[in-house]
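Undergrad: Below: one structure in structure tokens.
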Amino acid sequence: MKITQVHPHFGAEITGLSLNADVPESVITELKDALAEYGVVVIRDQQALSDDEQIEFCRRFGTLQKSITLHRKDTVRRLTRDELTDLSNIDENGLRMDPNDTRRSLQKPGQLWHSDNSFRSPPGLYTFLKAKIVPPEGGDTEFADMRAAYDALDEATRQKVTGLEVRHSLAWSREQAGSPPLSPTEQANIPESVQPLVRVHPKTGRKSLYLSSHGRDVLGMSDADGRALLQELNAFSTQPQFVYRHKWRDGDFVVWDNRSTMHRATPFPEDKYQRDMRRTSIEDNEVAIAAEPVGAA
Ligand code: SIN
């Protein structure tokens with residue numbers, strides 16, 4: 001397996017690896033190390049990886065999260081496995097969906113910068129996204145390195161944000177994206193979560209800004225002040241120098257660490273093309289290490 005860095009701060013491409021075979025434990029360890037170092041890894045040429053194989057491969061990294069789409073009782077799920085989140089514009093008959101289909105509207109928050117499942121407890125640790133059908137134009141995914149963004153903050157801002165906690169809510173990101181509100185079943189099953197704003201990676205010790213479009217309020221600040229701070233940090237950390245834009249190829253299997261990166265989907269001509277992406281996620285069972293305020297004992 002060959003690892004090549006794809007951006008000055010983060011991101012790596014891996015070739016020469018087949019995830020169909022029984023991947024040895026040593027490779028899983030190498031991949032975890034690569035994720036800690038690069039934040040995002042692009043494993044090329046995994047066309048042959050089936051949904052079941054994807055799920056079994058991901059299980060080797062920790063506890064699989066079930067898809068929140070299971071709580072949406074007014075929509076039909078195309079994919080049968082509970083661990084798979086369908087990020088496509090394709091319906092259960094294999095046809096391109098109307099862009100206003102509820103299932104597609106529910107995916108809209110994915111076009112806002114976010115860290116997967118930050119509104120859940122536990123939140124997302126690793127995400128695995130398999131490209132099954134890639135449109136010929138558009139539909140790239142952008143990633144932001146939240147460690148590099150933290151490192152670039154001035155000292156006064158670091159002091160201001162370290163030790164703060166943020167309330168994350170799916171209802172909030174849905175509202176921001178113009179998606180349908182939470183259904184009664186979603187409300188009952190998807191409570192909000194509180195996450196540190198600056199966290200420390202347990203493996204590398206690097207600090208990162210833990211931001212997400214799900215982040216609604218900063219605890220202890222007024223709504224207006226908290227939201228203004230989150231917007232300011234979001235704009236800072238998604239400047240071009242911190243962003244890697246991934247242009248998908250068929251069979252790409254991209255894995256990222258949600259503790260140190262944010263990402264967003266970008267649009268494509270939905271009236272012309274299909275895009276079929278299948279996501280699995282591992283939950284972050286370790287308690288997040290909040291960065292200590294500067295000067296704290
Ligand atoms: C996601 O938000 O997890 C998926 C991004 C994409 O579909 O490009």
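By convention in this document, the chains of the structure tokens carry letters A, B, ... by their order, each chain's residues are numbered from 1, and ligands are numbered from 1 in the order they are shown.
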Applying 6 Å and only C-alpha atoms, which residues near region 253-269 of chain A remain after dropping the ones on its own chain fewer than 5 positions away? List them as a PDB file with all heavy atoms, in the first residue's frame.
TA:
ATOM      1  N   GLY A  39      -6.053  12.827   8.717  1.00  0.00           N
ATOM      2  CA  GLY A  39      -7.453  13.240   8.900  1.00  0.00           C
ATOM      3  C   GLY A  39      -8.410  12.655   7.874  1.00  0.00           C
ATOM      4  O   GLY A  39      -9.522  12.248   8.220  1.00  0.00           O
ATOM      5  N   VAL A  40      -7.981  12.605   6.607  1.00  0.00           N
ATOM      6  CA  VAL A  40      -8.815  12.068   5.514  1.00  0.00           C
ATOM      7  C   VAL A  40      -7.941  11.123   4.697  1.00  0.00           C
ATOM      8  O   VAL A  40      -6.822  11.501   4.328  1.00  0.00           O
ATOM      9  CB  VAL A  40      -9.292  13.194   4.561  1.00  0.00           C
ATOM     10  CG1 VAL A  40     -10.176  12.626   3.452  1.00  0.00           C
ATOM     11  CG2 VAL A  40     -10.029  14.292   5.314  1.00  0.00           C
ATOM     12  N   VAL A  41      -8.437   9.930   4.406  1.00  0.00           N
ATOM     13  CA  VAL A  41      -7.697   9.061   3.482  1.00  0.00           C
ATOM     14  C   VAL A  41      -8.624   8.602   2.354  1.00  0.00           C
ATOM     15  O   VAL A  41      -9.779   8.248   2.584  1.00  0.00           O
ATOM     16  CB  VAL A  41      -7.016   7.842   4.161  1.00  0.00           C
ATOM     17  CG1 VAL A  41      -6.007   8.281   5.205  1.00  0.00           C
ATOM     18  CG2 VAL A  41      -7.995   6.878   4.749  1.00  0.00           C
ATOM     19  N   VAL A  42      -8.082   8.662   1.140  1.00  0.00           N
ATOM     20  CA  VAL A  42      -8.823   8.296  -0.069  1.00  0.00           C
ATOM     21  C   VAL A  42      -8.268   6.957  -0.534  1.00  0.00           C
ATOM     22  O   VAL A  42      -7.115   6.887  -0.965  1.00  0.00           O
ATOM     23  CB  VAL A  42      -8.582   9.347  -1.169  1.00  0.00           C
ATOM     24  CG1 VAL A  42      -9.270   8.936  -2.460  1.00  0.00           C
ATOM     25  CG2 VAL A  42      -9.040  10.727  -0.708  1.00  0.00           C
ATOM     26  N   ILE A  43      -9.057   5.907  -0.403  1.00  0.00           N
ATOM     27  CA  ILE A  43      -8.589   4.588  -0.849  1.00  0.00           C
ATOM     28  C   ILE A  43      -9.201   4.350  -2.230  1.00  0.00           C
ATOM     29  O   ILE A  43     -10.421   4.294  -2.373  1.00  0.00           O
ATOM     30  CB  ILE A  43      -8.998   3.481   0.158  1.00  0.00           C
ATOM     31  CG1 ILE A  43      -8.538   3.862   1.576  1.00  0.00           C
ATOM     32  CG2 ILE A  43      -8.409   2.133  -0.262  1.00  0.00           C
ATOM     33  CD1 ILE A  43      -9.023   2.939   2.680  1.00  0.00           C
ATOM     34  N   GLY A 110     -26.084  18.158   4.607  1.00  0.00           N
ATOM     35  CA  GLY A 110     -24.771  17.659   4.169  1.00  0.00           C
ATOM     36  C   GLY A 110     -24.018  18.657   3.312  1.00  0.00           C
ATOM     37  O   GLY A 110     -22.819  18.516   3.118  1.00  0.00           O
ATOM     38  N   GLN A 111     -24.734  19.691   2.804  1.00  0.00           N
ATOM     39  CA  GLN A 111     -24.043  20.715   2.002  1.00  0.00           C
ATOM     40  C   GLN A 111     -23.549  21.869   2.868  1.00  0.00           C
ATOM     41  O   GLN A 111     -22.987  22.836   2.357  1.00  0.00           O
ATOM     42  CB  GLN A 111     -24.957  21.216   0.885  1.00  0.00           C
ATOM     43  CG  GLN A 111     -25.259  20.111  -0.128  1.00  0.00           C
ATOM     44  CD  GLN A 111     -25.819  20.626  -1.445  1.00  0.00           C
ATOM     45  OE1 GLN A 111     -25.916  21.813  -1.679  1.00  0.00           O
ATOM     46  NE2 GLN A 111     -26.194  19.705  -2.310  1.00  0.00           N
ATOM     47  N   LEU A 112     -23.810  21.773   4.172  1.00  0.00           N
ATOM     48  CA  LEU A 112     -23.241  22.756   5.113  1.00  0.00           C
ATOM     49  C   LEU A 112     -22.031  22.096   5.770  1.00  0.00           C
ATOM     50  O   LEU A 112     -22.028  20.882   5.992  1.00  0.00           O
ATOM     51  CB  LEU A 112     -24.271  23.120   6.192  1.00  0.00           C
ATOM     52  CG  LEU A 112     -25.634  23.631   5.699  1.00  0.00           C
ATOM     53  CD1 LEU A 112     -26.568  23.863   6.896  1.00  0.00           C
ATOM     54  CD2 LEU A 112     -25.462  24.914   4.897  1.00  0.00           C
ATOM     55  N   TRP A 113     -21.039  22.877   6.123  1.00  0.00           N
ATOM     56  CA  TRP A 113     -19.854  22.310   6.777  1.00  0.00           C
ATOM     57  C   TRP A 113     -20.278  21.619   8.071  1.00  0.00           C
ATOM     58  O   TRP A 113     -20.989  22.203   8.888  1.00  0.00           O
ATOM     59  CB  TRP A 113     -18.845  23.417   7.114  1.00  0.00           C
ATOM     60  CG  TRP A 113     -18.096  23.917   5.927  1.00  0.00           C
ATOM     61  CD1 TRP A 113     -18.274  25.104   5.282  1.00  0.00           C
ATOM     62  CD2 TRP A 113     -17.019  23.247   5.252  1.00  0.00           C
ATOM     63  NE1 TRP A 113     -17.379  25.214   4.240  1.00  0.00           N
ATOM     64  CE2 TRP A 113     -16.600  24.095   4.200  1.00  0.00           C
ATOM     65  CE3 TRP A 113     -16.377  22.023   5.434  1.00  0.00           C
ATOM     66  CZ2 TRP A 113     -15.566  23.754   3.338  1.00  0.00           C
ATOM     67  CZ3 TRP A 113     -15.342  21.681   4.565  1.00  0.00           C
ATOM     68  CH2 TRP A 113     -14.944  22.537   3.542  1.00  0.00           C
ATOM     69  N   HIS A 114     -19.816  20.397   8.258  1.00  0.00           N
ATOM     70  CA  HIS A 114     -20.211  19.674   9.484  1.00  0.00           C
ATOM     71  C   HIS A 114     -19.219  18.563   9.814  1.00  0.00           C
ATOM     72  O   HIS A 114     -18.403  18.161   8.973  1.00  0.00           O
ATOM     73  CB  HIS A 114     -21.618  19.083   9.336  1.00  0.00           C
ATOM     74  CG  HIS A 114     -21.731  18.027   8.275  1.00  0.00           C
ATOM     75  ND1 HIS A 114     -21.753  18.317   6.918  1.00  0.00           N
ATOM     76  CD2 HIS A 114     -21.818  16.675   8.354  1.00  0.00           C
ATOM     77  CE1 HIS A 114     -21.859  17.202   6.216  1.00  0.00           C
ATOM     78  NE2 HIS A 114     -21.884  16.186   7.068  1.00  0.00           N
ATOM     79  N   SER A 115     -19.360  18.108  11.043  1.00  0.00           N
ATOM     80  CA  SER A 115     -18.662  16.916  11.496  1.00  0.00           C
ATOM     81  C   SER A 115     -19.776  15.895  11.712  1.00  0.00           C
ATOM     82  O   SER A 115     -20.781  16.193  12.373  1.00  0.00           O
ATOM     83  CB  SER A 115     -17.938  17.234  12.811  1.00  0.00           C
ATOM     84  OG  SER A 115     -17.362  16.070  13.335  1.00  0.00           O
ATOM     85  N   LEU A 125     -17.033   9.109  14.964  1.00  0.00           N
ATOM     86  CA  LEU A 125     -15.567   9.065  15.027  1.00  0.00           C
ATOM     87  C   LEU A 125     -15.048   9.006  13.573  1.00  0.00           C
ATOM     88  O   LEU A 125     -14.682  10.021  13.008  1.00  0.00           O
ATOM     89  CB  LEU A 125     -15.134   7.842  15.840  1.00  0.00           C
ATOM     90  CG  LEU A 125     -13.658   7.487  15.873  1.00  0.00           C
ATOM     91  CD1 LEU A 125     -12.811   8.634  16.353  1.00  0.00           C
ATOM     92  CD2 LEU A 125     -13.429   6.256  16.747  1.00  0.00           C
ATOM     93  N   TYR A 126     -15.119   7.822  12.960  1.00  0.00           N
ATOM     94  CA  TYR A 126     -14.720   7.698  11.558  1.00  0.00           C
ATOM     95  C   TYR A 126     -15.967   7.580  10.677  1.00  0.00           C
ATOM     96  O   TYR A 126     -16.937   6.915  11.054  1.00  0.00           O
ATOM     97  CB  TYR A 126     -13.893   6.431  11.317  1.00  0.00           C
ATOM     98  CG  TYR A 126     -12.632   6.321  12.127  1.00  0.00           C
ATOM     99  CD1 TYR A 126     -12.386   5.191  12.890  1.00  0.00           C
ATOM    100  CD2 TYR A 126     -11.680   7.330  12.104  1.00  0.00           C
ATOM    101  CE1 TYR A 126     -11.219   5.063  13.627  1.00  0.00           C
ATOM    102  CE2 TYR A 126     -10.509   7.206  12.838  1.00  0.00           C
ATOM    103  CZ  TYR A 126     -10.285   6.070  13.601  1.00  0.00           C
ATOM    104  OH  TYR A 126      -9.134   5.933  14.322  1.00  0.00           O
ATOM    105  N   THR A 127     -15.895   8.193   9.500  1.00  0.00           N
ATOM    106  CA  THR A 127     -16.925   7.981   8.477  1.00  0.00           C
ATOM    107  C   THR A 127     -16.268   7.323   7.281  1.00  0.00           C
ATOM    108  O   THR A 127     -15.127   7.666   6.924  1.00  0.00           O
ATOM    109  CB  THR A 127     -17.545   9.323   8.031  1.00  0.00           C
ATOM    110  OG1 THR A 127     -18.191   9.915   9.151  1.00  0.00           O
ATOM    111  CG2 THR A 127     -18.581   9.110   6.922  1.00  0.00           C
ATOM    112  N   PHE A 128     -16.984   6.388   6.658  1.00  0.00           N
ATOM    113  CA  PHE A 128     -16.512   5.662   5.467  1.00  0.00           C
ATOM    114  C   PHE A 128     -17.540   5.915   4.373  1.00  0.00           C
ATOM    115  O   PHE A 128     -18.711   5.586   4.545  1.00  0.00           O
ATOM    116  CB  PHE A 128     -16.452   4.153   5.743  1.00  0.00           C
ATOM    117  CG  PHE A 128     -15.596   3.785   6.931  1.00  0.00           C
ATOM    118  CD1 PHE A 128     -16.048   3.982   8.232  1.00  0.00           C
ATOM    119  CD2 PHE A 128     -14.342   3.233   6.753  1.00  0.00           C
ATOM    120  CE1 PHE A 128     -15.265   3.645   9.330  1.00  0.00           C
ATOM    121  CE2 PHE A 128     -13.548   2.888   7.840  1.00  0.00           C
ATOM    122  CZ  PHE A 128     -14.016   3.109   9.129  1.00  0.00           C
ATOM    123  N   LEU A 129     -17.103   6.512   3.255  1.00  0.00           N
ATOM    124  CA  LEU A 129     -18.042   6.852   2.190  1.00  0.00           C
ATOM    125  C   LEU A 129     -17.578   6.204   0.887  1.00  0.00           C
ATOM    126  O   LEU A 129     -16.480   6.478   0.398  1.00  0.00           O
ATOM    127  CB  LEU A 129     -18.137   8.372   2.038  1.00  0.00           C
ATOM    128  CG  LEU A 129     -19.265   8.905   1.165  1.00  0.00           C
ATOM    129  CD1 LEU A 129     -20.639   8.479   1.699  1.00  0.00           C
ATOM    130  CD2 LEU A 129     -19.216  10.443   1.119  1.00  0.00           C
ATOM    131  N   LYS A 130     -18.438   5.336   0.376  1.00  0.00           N
ATOM    132  CA  LYS A 130     -18.113   4.579  -0.850  1.00  0.00           C
ATOM    133  C   LYS A 130     -18.843   5.206  -2.030  1.00  0.00           C
ATOM    134  O   LYS A 130     -20.062   5.410  -1.970  1.00  0.00           O
ATOM    135  CB  LYS A 130     -18.561   3.137  -0.638  1.00  0.00           C
ATOM    136  CG  LYS A 130     -18.738   2.299  -1.881  1.00  0.00           C
ATOM    137  CD  LYS A 130     -17.460   1.595  -2.286  1.00  0.00           C
ATOM    138  CE  LYS A 130     -17.554   1.081  -3.710  1.00  0.00           C
ATOM    139  NZ  LYS A 130     -18.336  -0.103  -3.889  1.00  0.00           N
ATOM    140  N   GLY A 138     -19.555  18.039 -11.017  1.00  0.00           N
ATOM    141  CA  GLY A 138     -20.049  18.424  -9.697  1.00  0.00           C
ATOM    142  C   GLY A 138     -20.028  17.264  -8.714  1.00  0.00           C
ATOM    143  O   GLY A 138     -19.495  16.186  -8.998  1.00  0.00           O
ATOM    144  N   GLY A 139     -20.606  17.515  -7.516  1.00  0.00           N
ATOM    145  CA  GLY A 139     -20.722  16.465  -6.516  1.00  0.00           C
ATOM    146  C   GLY A 139     -19.408  16.150  -5.808  1.00  0.00           C
ATOM    147  O   GLY A 139     -19.252  15.069  -5.234  1.00  0.00           O
ATOM    148  N   ASP A 140     -18.442  17.111  -5.841  1.00  0.00           N
ATOM    149  CA  ASP A 140     -17.209  16.901  -5.075  1.00  0.00           C
ATOM    150  C   ASP A 140     -17.538  16.976  -3.582  1.00  0.00           C
ATOM    151  O   ASP A 140     -18.595  17.491  -3.194  1.00  0.00           O
ATOM    152  CB  ASP A 140     -16.181  18.006  -5.380  1.00  0.00           C
ATOM    153  CG  ASP A 140     -15.829  18.087  -6.857  1.00  0.00           C
ATOM    154  OD1 ASP A 140     -16.076  17.107  -7.589  1.00  0.00           O
ATOM    155  OD2 ASP A 140     -15.318  19.145  -7.272  1.00  0.00           O
ATOM    156  N   THR A 141     -16.636  16.503  -2.753  1.00  0.00           N
ATOM    157  CA  THR A 141     -16.776  16.693  -1.303  1.00  0.00           C
ATOM    158  C   THR A 141     -15.585  17.512  -0.826  1.00  0.00           C
ATOM    159  O   THR A 141     -14.446  17.227  -1.210  1.00  0.00           O
ATOM    160  CB  THR A 141     -16.832  15.339  -0.565  1.00  0.00           C
ATOM    161  OG1 THR A 141     -17.895  14.567  -1.120  1.00  0.00           O
ATOM    162  CG2 THR A 141     -17.077  15.534   0.922  1.00  0.00           C
ATOM    163  N   GLU A 142     -15.869  18.541  -0.035  1.00  0.00           N
ATOM    164  CA  GLU A 142     -14.786  19.376   0.502  1.00  0.00           C
ATOM    165  C   GLU A 142     -14.523  18.995   1.959  1.00  0.00           C
ATOM    166  O   GLU A 142     -15.474  18.740   2.713  1.00  0.00           O
ATOM    167  CB  GLU A 142     -15.179  20.848   0.416  1.00  0.00           C
ATOM    168  CG  GLU A 142     -15.191  21.366  -1.000  1.00  0.00           C
ATOM    169  CD  GLU A 142     -15.394  22.873  -1.056  1.00  0.00           C
ATOM    170  OE1 GLU A 142     -16.240  23.398  -0.308  1.00  0.00           O
ATOM    171  OE2 GLU A 142     -14.707  23.513  -1.858  1.00  0.00           O
ATOM    172  N   PHE A 143     -13.253  19.007   2.316  1.00  0.00           N
ATOM    173  CA  PHE A 143     -12.837  18.712   3.690  1.00  0.00           C
ATOM    174  C   PHE A 143     -12.017  19.892   4.219  1.00  0.00           C
ATOM    175  O   PHE A 143     -11.245  20.497   3.460  1.00  0.00           O
ATOM    176  CB  PHE A 143     -11.955  17.455   3.729  1.00  0.00           C
ATOM    177  CG  PHE A 143     -12.699  16.203   3.338  1.00  0.00           C
ATOM    178  CD1 PHE A 143     -12.728  15.778   2.009  1.00  0.00           C
ATOM    179  CD2 PHE A 143     -13.395  15.464   4.286  1.00  0.00           C
ATOM    180  CE1 PHE A 143     -13.428  14.638   1.643  1.00  0.00           C
ATOM    181  CE2 PHE A 143     -14.094  14.321   3.929  1.00  0.00           C
ATOM    182  CZ  PHE A 143     -14.112  13.909   2.605  1.00  0.00           C
ATOM    183  N   ALA A 144     -12.185  20.184   5.505  1.00  0.00           N
ATOM    184  CA  ALA A 144     -11.390  21.248   6.134  1.00  0.00           C
ATOM    185  C   ALA A 144     -10.590  20.645   7.284  1.00  0.00           C
ATOM    186  O   ALA A 144     -11.116  19.829   8.063  1.00  0.00           O
ATOM    187  CB  ALA A 144     -12.305  22.358   6.654  1.00  0.00           C
ATOM    188  N   ASP A 145      -9.328  21.037   7.370  1.00  0.00           N
ATOM    189  CA  ASP A 145      -8.448  20.538   8.443  1.00  0.00           C
ATOM    190  C   ASP A 145      -8.612  21.431   9.668  1.00  0.00           C
ATOM    191  O   ASP A 145      -8.108  22.564   9.703  1.00  0.00           O
ATOM    192  CB  ASP A 145      -7.002  20.542   7.953  1.00  0.00           C
ATOM    193  CG  ASP A 145      -6.063  19.916   8.978  1.00  0.00           C
ATOM    194  OD1 ASP A 145      -6.464  19.755  10.145  1.00  0.00           O
ATOM    195  OD2 ASP A 145      -4.919  19.589   8.602  1.00  0.00           O
ATOM    196  N   MET A 146      -9.301  20.913  10.679  1.00  0.00           N
ATOM    197  CA  MET A 146      -9.629  21.724  11.844  1.00  0.00           C
ATOM    198  C   MET A 146      -8.465  21.845  12.824  1.00  0.00           C
ATOM    199  O   MET A 146      -8.506  22.646  13.754  1.00  0.00           O
ATOM    200  CB  MET A 146     -10.866  21.139  12.549  1.00  0.00           C
ATOM    201  CG  MET A 146     -12.057  20.985  11.624  1.00  0.00           C
ATOM    202  SD  MET A 146     -12.471  22.510  10.756  1.00  0.00           S
ATOM    203  CE  MET A 146     -13.248  23.406  12.070  1.00  0.00           C
ATOM    204  N   ARG A 147      -7.412  21.046  12.619  1.00  0.00           N
ATOM    205  CA  ARG A 147      -6.190  21.188  13.427  1.00  0.00           C
ATOM    206  C   ARG A 147      -5.380  22.357  12.895  1.00  0.00           C
ATOM    207  O   ARG A 147      -4.905  23.198  13.649  1.00  0.00           O
ATOM    208  CB  ARG A 147      -5.347  19.900  13.361  1.00  0.00           C
ATOM    209  CG  ARG A 147      -6.113  18.660  13.713  1.00  0.00           C
ATOM    210  CD  ARG A 147      -5.419  17.431  13.213  1.00  0.00           C
ATOM    211  NE  ARG A 147      -5.203  17.459  11.769  1.00  0.00           N
ATOM    212  CZ  ARG A 147      -4.628  16.495  11.085  1.00  0.00           C
ATOM    213  NH1 ARG A 147      -4.191  15.423  11.700  1.00  0.00           N
ATOM    214  NH2 ARG A 147      -4.457  16.592   9.781  1.00  0.00           N
ATOM    215  N   SER A 208      -7.896  20.656  17.960  1.00  0.00           N
ATOM    216  CA  SER A 208      -8.664  21.045  16.774  1.00  0.00           C
ATOM    217  C   SER A 208      -9.927  21.777  17.204  1.00  0.00           C
ATOM    218  O   SER A 208     -10.419  21.591  18.324  1.00  0.00           O
ATOM    219  CB  SER A 208      -9.040  19.830  15.931  1.00  0.00           C
ATOM    220  OG  SER A 208      -9.781  18.922  16.696  1.00  0.00           O
TER     221      SER A 208
END
Undergrad: Return as a tab-separated table the residues of region 65-175 of chain A lying at most 9 Å from region 188-204 of chain A, together with the closest atom-to-atom pair for each and the distance in Å to one decimal, counting only C-alpha atoms, with rows in chain order and ascending residue number.
TA:
residue	atom	partner	partner_atom	distance
A:Ile68	CA	A:Ile190	CA	8.0
A:His71	CA	A:Asn189	CA	7.2
A:Ser118	CA	A:Ser193	CA	7.4
A:Phe119	CA	A:Ser193	CA	5.1
A:Arg120	CA	A:Ser193	CA	5.8
A:Ser121	CA	A:Ser193	CA	6.0
A:Pro122	CA	A:Ser193	CA	8.5
A:Pro123	CA	A:Ser193	CA	8.4
A:Tyr150	CA	A:Val198	CA	8.3
A:Arg158	CA	A:Val198	CA	8.8
A:Val161	CA	A:Leu197	CA	6.8
A:Thr162	CA	A:Val198	CA	5.6
A:Gly163	CA	A:Val198	CA	6.9
A:Leu164	CA	A:Leu197	CA	5.6
A:Glu165	CA	A:Pro196	CA	4.4
A:Val166	CA	A:Gln195	CA	5.4
A:Arg167	CA	A:Val194	CA	4.4
A:His168	CA	A:Ser193	CA	5.3
A:Ser169	CA	A:Glu192	CA	4.8
A:Leu170	CA	A:Glu192	CA	7.3
A:Ala171	CA	A:Glu192	CA	8.7
Undergrad: Got time to write the residues from that selection, C-alpha atoms, as a PDB file, in the first residue's frame?
TA:
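result.pdb, written as the output of this step:
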ATOM      1  CA  ILE A  68     -30.601   8.077  11.614  1.00  0.00           C
ATOM      2  CA  HIS A  71     -36.157   7.178  12.511  1.00  0.00           C
ATOM      3  CA  SER A 118     -21.916  15.738  16.207  1.00  0.00           C
ATOM      4  CA  PHE A 119     -25.515  15.999  17.466  1.00  0.00           C
ATOM      5  CA  ARG A 120     -25.439  12.400  18.700  1.00  0.00           C
ATOM      6  CA  SER A 121     -24.055  10.972  21.910  1.00  0.00           C
ATOM      7  CA  PRO A 122     -21.668   9.389  21.181  1.00  0.00           C
ATOM      8  CA  PRO A 123     -20.866  11.480  18.100  1.00  0.00           C
ATOM      9  CA  TYR A 150      -6.797  25.845  15.291  1.00  0.00           C
ATOM     10  CA  ARG A 158      -7.426  30.489  21.297  1.00  0.00           C
ATOM     11  CA  VAL A 161     -12.587  29.529  22.690  1.00  0.00           C
ATOM     12  CA  THR A 162     -10.690  26.964  24.744  1.00  0.00           C
ATOM     13  CA  GLY A 163     -12.900  25.448  27.440  1.00  0.00           C
ATOM     14  CA  LEU A 164     -16.171  26.472  25.761  1.00  0.00           C
ATOM     15  CA  GLU A 165     -18.920  23.942  25.101  1.00  0.00           C
ATOM     16  CA  VAL A 166     -21.413  23.910  22.234  1.00  0.00           C
ATOM     17  CA  ARG A 167     -24.913  22.439  22.012  1.00  0.00           C
ATOM     18  CA  HIS A 168     -25.386  20.488  18.755  1.00  0.00           C
ATOM     19  CA  SER A 169     -28.800  19.777  17.286  1.00  0.00           C
ATOM     20  CA  LEU A 170     -30.019  18.106  14.100  1.00  0.00           C
ATOM     21  CA  ALA A 171     -33.147  20.302  14.214  1.00  0.00           C
TER      22      ALA A 171
END
Undergrad: Identify, with DSSP run on backbone atoms, the residues in region 121-283 of chain A assigned to strand (DSSP E), and express the list as a PyMOL selection string.
TA: chain A and resi 124-133+141-145+165-168+193-196+198-200+207-209+215-218+243-246+253-257+261-265+276-283
Undergrad: For CA of Thr63 (chain A) and CA of Lys108 (chain A), quote the distance in Å rounded to one decimal.
TA: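 Separation between CA of Thr63 (chain A) and CA of Lys108 (chain A): 26.1 Å.
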Undergrad: Quick one: residues within 10 Å of Val27 (chain A), only C-alpha atoms, excluding same-chain residues fewer than 4 positions away - as a list of chain:residue names?
TA: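 Near neighbours after the sequence-gap exclusion: A:Met1, A:Leu17, A:Val23, A:Leu31, A:Lys32, A:Asp33.
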Undergrad: Can you write just those residues out, all heavy atoms, as a compact mmCIF listing (two decimals), in the first residue's frame?
TA:
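Result file is out.txt:
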# COMPACT_ATOMS: atom_id res chain seq x y z
N MET A 1 0.85 -1.20 0.00
CA MET A 1 0.00 0.00 0.00
C MET A 1 0.88 1.24 0.00
O MET A 1 1.87 1.31 0.69
CB MET A 1 -0.93 -0.12 1.23
CG MET A 1 -0.98 0.93 2.24
SD MET A 1 -2.26 0.43 3.47
CE MET A 1 -1.99 1.65 4.72
N LEU A 17 -4.24 -1.25 -2.30
CA LEU A 17 -4.89 -1.92 -1.18
C LEU A 17 -6.24 -2.43 -1.66
O LEU A 17 -7.01 -1.67 -2.25
CB LEU A 17 -5.07 -0.91 -0.03
CG LEU A 17 -5.76 -1.38 1.23
CD1 LEU A 17 -4.98 -2.50 1.92
CD2 LEU A 17 -5.93 -0.21 2.21
N VAL A 23 -8.53 -8.24 5.22
CA VAL A 23 -7.48 -7.25 5.48
C VAL A 23 -6.81 -7.61 6.81
O VAL A 23 -7.48 -7.75 7.82
CB VAL A 23 -8.11 -5.85 5.55
CG1 VAL A 23 -7.08 -4.81 5.94
CG2 VAL A 23 -8.75 -5.49 4.22
N LEU A 31 -4.00 2.01 8.87
CA LEU A 31 -5.04 2.95 8.43
C LEU A 31 -5.44 3.88 9.58
O LEU A 31 -5.63 5.08 9.37
CB LEU A 31 -6.26 2.19 7.90
CG LEU A 31 -6.07 1.54 6.53
CD1 LEU A 31 -7.27 0.65 6.18
CD2 LEU A 31 -5.86 2.59 5.45
N LYS A 32 -5.54 3.34 10.79
CA LYS A 32 -5.87 4.20 11.95
C LYS A 32 -4.77 5.24 12.16
O LYS A 32 -5.04 6.40 12.45
CB LYS A 32 -6.05 3.35 13.22
CG LYS A 32 -7.36 2.59 13.27
CD LYS A 32 -7.46 1.89 14.61
CE LYS A 32 -8.70 1.03 14.70
NZ LYS A 32 -8.69 0.11 15.85
N ASP A 33 -3.53 4.81 11.99
CA ASP A 33 -2.41 5.76 12.13
C ASP A 33 -2.48 6.84 11.05
O ASP A 33 -2.25 8.02 11.32
CB ASP A 33 -1.06 5.03 12.03
CG ASP A 33 -0.78 4.14 13.24
OD1 ASP A 33 -1.51 4.29 14.26
OD2 ASP A 33 0.12 3.29 13.18
Undergrad: Record the distance separating CA of Pro24 (chain A) and CA of Ala12 (chain A), expressed in Å with one decimal.
TA: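 Here the two named atoms are 20.4 Å from each other.
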Undergrad: I'd like to know which residues of region 91-190 of chain A are helix (DSSP H, G or I) (by DSSP, run on the backbone); could you write them as a ChimeraX atom specification?
TA: /A:102-105,108-111,146-152,155-161,170-177,184-189
Undergrad: Here is a test: counting only C-alpha atoms, which residue of A:Arg216, A:Arg278, A:Lys272, A:Arg245 is nearest to Gly11 (chain A)?
TA: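 Checking each candidate against Gly11 (chain A), we get A:Arg245 as the closest.
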Undergrad: Mind checking which residues fall within 7 Å of region 230-234 of chain A, counting only C-alpha atoms, ignoring those fewer than 4 positions away in the same chain, and posting them as number ranges by chain?
TA: A: 211, 226, 238
Undergrad: One decimal, Å: what's the distance from CA of Trp172 (chain A) over to CA of Trp248 (chain A), could you say?
TA: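 Taking CA of Trp172 (chain A) as the start and CA of Trp248 (chain A) as the end point, the length is 28.9 Å.
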Undergrad: Using only C-alpha atoms and all ligand atoms, which of A:Leu182, A:Ala224, A:Leu95, A:Leu84 sits nearest ligand 1?
TA: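 Counting only C-alpha atoms and all ligand atoms, the residue closest to ligand 1 is A:Leu84.
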